[in-house]
Amino acid sequence: MTDTIDRDALRRRYREERDKRLRSEGNEQYLQPTGKFAHLLDDPYTPRVEREPLFDEVTVAIIGGGFSGLTTGARLKQAGIDDVRIIEGGGDVGGAWYWNRYPGAMCDTAAMVYLPLLEETGHMPSMKYVFAPEIFGHAKRIATHFGLYDNAVFSTNVTELAWDDDADRWIIHTDRGDAIRARFVTMGTGPLHRPKLPGIPGIETFDGPCFHTSRWDYGLTGGNPEGAPMTELAGKRVGIIGTGATSVQCIPALARDSGELFVFQRTPSSIDIRNNHAIDPEWFATLGPGWQQQWLTNFATLQTGGFADEDLVHDGWTDISKRIRDKVVQMLGEGATFGPEAMLKAYEESDDEKMTEIRARVDELVADPATAEALKPWYRQLCKRPCFHDEYLQAYNNPNTHLIDTDGKGVERIDATGVWINGVHHDLDVLIFASGFEVGTSAARRSGFETYGRDRLSLTDKWAEGMQSMHGMHVHGFPNLFIVGPSQGSNLISNITQNLTEAGTTIATILCHASEVGATEVEVTAESEAAWVALLEGSVRAFMGNPDCTPGYYNNEGGTIGRKERLNGSGYPDGPVAYWQYLDRWRNAGDFTGLAFT
Ligand code: NDP
């Protein structure tokens, strides 16, 4: 394979394809769902029930009831901290898995490592990769198992979080008129939370029904999240804008059920093999205590270029990294000197080979040569979220399914009756936006509320030049607040939940210590925060980084990747596994270096 790739030609093609897609507006090309689209933020799954506003106090308020809030809540309960309250905008726990109920939704990370707290809850995943209803079910299982429903409030959106210095409390204002007081707050509002719309001229003029994939309207389509046929789409002309990870998963079901399906594509996704299979209960029963931690460490090690005797998960994620690692070993064996240059070369060569295979797979699976050509991704694999599917490409062999490729330009215009591409109008009865989520915008815009720390400094202002924290969790000026997410900590993007479970352990350990020493405030010192940021800035491991990539949310939509973007996407210099080892030592040392307990 290595010898047959013309790397110069490939590089040229990659640059040409990127240049077609660069847009001066960057993130500004997207719209927030307001005005005619404000309803796209509504909860179609749970009716709002009126209740009296709350003005009470809790020890720990957990903002966000997704896996971040659930794993934190679980760890707090395990540590004996009972007075916790989840505050959640959705009608139940689950976060992304509450909102995303589109047909075919599943997790691209193997369930054995993605689903948190499997041993604690005694759940066996049904398949290697599980579908959304099972993941949502697992979120509910965690909430039930750890008593996290007891004091939770749902269908409640935080509107402001403010530190009251005199009272030593956080005051949480919500759209229910609540002003809940909390000694400590954990914030797990996630990056894939707020849907965004493509800023296509005329988007507001479409007369027919339309919705965003994260608010799937089964009332309109028929069917259900379990995959029942969407009978209401029979005979309809359905259009879907976007071909990212979401679209890849729902297109096979739309192709099966729509009268005619029109897929409007700006950039094709890379589609690797899925290879899903059921988990054998007999085999599962042989796993001994501590198995999940062993699997987590194994996956994170192999996913980040480390060595292990066995690849327990063995999938597309570990394949990417193992190829790069093996290439480095091969090059060193051939006399290359170890260093950034060798690493870069190994990365490029294995990527070229992988992407050549992915393009060849399109030719194998898609019958029409022109359609196959348009479905081929011309960029490096990690420029965009890699996808894995065994029915997506084949869906284009269905005669009712039409790929409308825009050659990188995007949809030209929308009018009352459909969509224009290259001067051609496509009549539509239903329009679906698979246009993704706010990722690159400010924390306040993404979460829908502002956080004010000491002296009413807002988090947006504090982070105007990029995220500033210690461990991605502690922010100077924001005492008793714990941010839960991968950035500036472990930053393991391929398995988000591992970052969250570890964060939960950290928070529980800190709060137990605060209680032992009688501290009312826990805050990172300015010096320690600055030192952590300096450590990250010296790292080459920044997640956003390749200016040659085709635009997307992984690289600030092809815009500038300056200090701010690097800070927002950075992680511990030696990678996630080293980070967790460091964190474990930090937690166990008992002095929590960098934090002031007062
Ligand atoms: P994405 O942001 O990945 O995709 C948005 C799509 O809309 C892209 O194909 C984009 O094209 C397209 N688009 C935007 N504007 C226009 C336009 N004007 N005309 C035509 N097309 C346009 O959103 P997704 O919801 O697909 O995925 C978001 C993330 O959610 C994923 O990256 C992943 O992290 C997560 N996810 C995870 C899953 C899992 O397995 N756990 C499953 C699904 C999602 P372009 O590429 O050119 O910008």
# chains A, B, ... in the order shown; residues from 1 in each chain; ligands from 1
>>> residues_near_ligand(ligand="ligand 1", cutoff="6 Å", atoms="only C-alpha atoms and all ligand atoms", output="ChimeraX atom specification")
/A:106-108,198,200,241-247,264-267,385,410-411,434-437,552
>>> select_by_dssp(residues="stretch 75-242 of chain A", states="strand (DSSP E or B)", output="PyMOL selection string")
chain A and resi 84-87+106+127+131+153+158-164+169-174+179-187+195+197-198+210-212+237-241
>>> select_by_dssp(residues="stretch 261-442 of chain A", states="alpha helix (DSSP H)", output="number ranges by chain")
A: 281-285, 291-303, 316-333, 340-365, 369-374, 392-395
>>> closest_residue(among="A:Gln498, A:Thr297, A:Thr401, A:Asn588", to="A:Ala253", atoms="only C-alpha atoms")
A:Thr401
>>> closest_atom_pairs(of="stretch 11-103 of chain A", to="stretch 206-216 of chain A", cutoff="7 Å", atoms="only C-alpha atoms", output="tab-separated table")
residue	atom	partner	partner_atom	distance
A:Leu40	CA	A:Phe211	CA	6.5
A:Pro44	CA	A:Arg215	CA	6.7
A:Trp99	CA	A:Ser214	CA	5.4
A:Asn100	CA	A:Ser214	CA	4.5
A:Arg101	CA	A:Trp216	CA	6.3
A:Tyr102	CA	A:Trp216	CA	5.5
>>> residues_around(residues="A:Ile240", least_positions_apart="6", cutoff="6 Å", atoms="only C-alpha atoms", output="ChimeraX atom specification")
/A:263,431-433
>>> closest_residue(among="A:Phe67, A:Gln78, A:Asp178, A:Met124", to="A:Pro53", atoms="only C-alpha atoms")
A:Asp178
>>> residues_around(residues="stretch 202-205 of chain A", least_positions_apart="6", cutoff="6 Å", atoms="only C-alpha atoms", output="list in words")
Arg413, Ile414, Asp415 and Ala416 of chain A
>>> residues_around(residues="A:Ile172", least_positions_apart="2", cutoff="8 Å", atoms="only C-alpha atoms", output="list in words")
Val158, Thr159, Glu160, Leu161, Ala162, Trp170, Thr174, Asp178, Ala179, Ile180, Arg181 and Ala182 of chain A
>>> closest_atom_pairs(of="stretch 130-165 of chain A", to="stretch 515-522 of chain A", cutoff="12 Å", atoms="only C-alpha atoms", output="CSV")
residue,atom,partner,partner_atom,distance
A:Trp163,CA,A:Glu521,CA,11.4
A:Asp164,CA,A:Glu521,CA,11.9
A:Asp165,CA,A:Glu521,CA,10.1
>>> write_last_selection(atoms="all heavy atoms", output="PDB file, in the first residue's frame")
ATOM      1  N   TRP A 163     -22.025  33.685  42.405  1.00  0.00           N
ATOM      2  CA  TRP A 163     -21.410  33.451  43.712  1.00  0.00           C
ATOM      3  C   TRP A 163     -21.773  34.599  44.651  1.00  0.00           C
ATOM      4  O   TRP A 163     -21.596  35.770  44.308  1.00  0.00           O
ATOM      5  CB  TRP A 163     -19.894  33.341  43.559  1.00  0.00           C
ATOM      6  CG  TRP A 163     -19.142  33.242  44.853  1.00  0.00           C
ATOM      7  CD1 TRP A 163     -18.337  34.183  45.412  1.00  0.00           C
ATOM      8  CD2 TRP A 163     -19.131  32.122  45.743  1.00  0.00           C
ATOM      9  NE1 TRP A 163     -17.813  33.729  46.590  1.00  0.00           N
ATOM     10  CE2 TRP A 163     -18.277  32.461  46.832  1.00  0.00           C
ATOM     11  CE3 TRP A 163     -19.754  30.867  45.748  1.00  0.00           C
ATOM     12  CZ2 TRP A 163     -18.047  31.591  47.897  1.00  0.00           C
ATOM     13  CZ3 TRP A 163     -19.509  30.002  46.808  1.00  0.00           C
ATOM     14  CH2 TRP A 163     -18.671  30.357  47.866  1.00  0.00           C
ATOM     15  N   ASP A 164     -22.301  34.255  45.812  1.00  0.00           N
ATOM     16  CA  ASP A 164     -22.616  35.254  46.833  1.00  0.00           C
ATOM     17  C   ASP A 164     -21.508  35.174  47.883  1.00  0.00           C
ATOM     18  O   ASP A 164     -21.463  34.232  48.678  1.00  0.00           O
ATOM     19  CB  ASP A 164     -23.995  34.929  47.437  1.00  0.00           C
ATOM     20  CG  ASP A 164     -24.400  35.934  48.514  1.00  0.00           C
ATOM     21  OD1 ASP A 164     -23.499  36.580  49.087  1.00  0.00           O
ATOM     22  OD2 ASP A 164     -25.607  36.045  48.776  1.00  0.00           O
ATOM     23  N   ASP A 165     -20.627  36.159  47.831  1.00  0.00           N
ATOM     24  CA  ASP A 165     -19.428  36.128  48.671  1.00  0.00           C
ATOM     25  C   ASP A 165     -19.769  36.205  50.161  1.00  0.00           C
ATOM     26  O   ASP A 165     -19.115  35.569  50.987  1.00  0.00           O
ATOM     27  CB  ASP A 165     -18.532  37.302  48.286  1.00  0.00           C
ATOM     28  CG  ASP A 165     -17.074  36.883  48.275  1.00  0.00           C
ATOM     29  OD1 ASP A 165     -16.793  35.683  48.436  1.00  0.00           O
ATOM     30  OD2 ASP A 165     -16.223  37.764  48.100  1.00  0.00           O
TER      31      ASP A 165
END
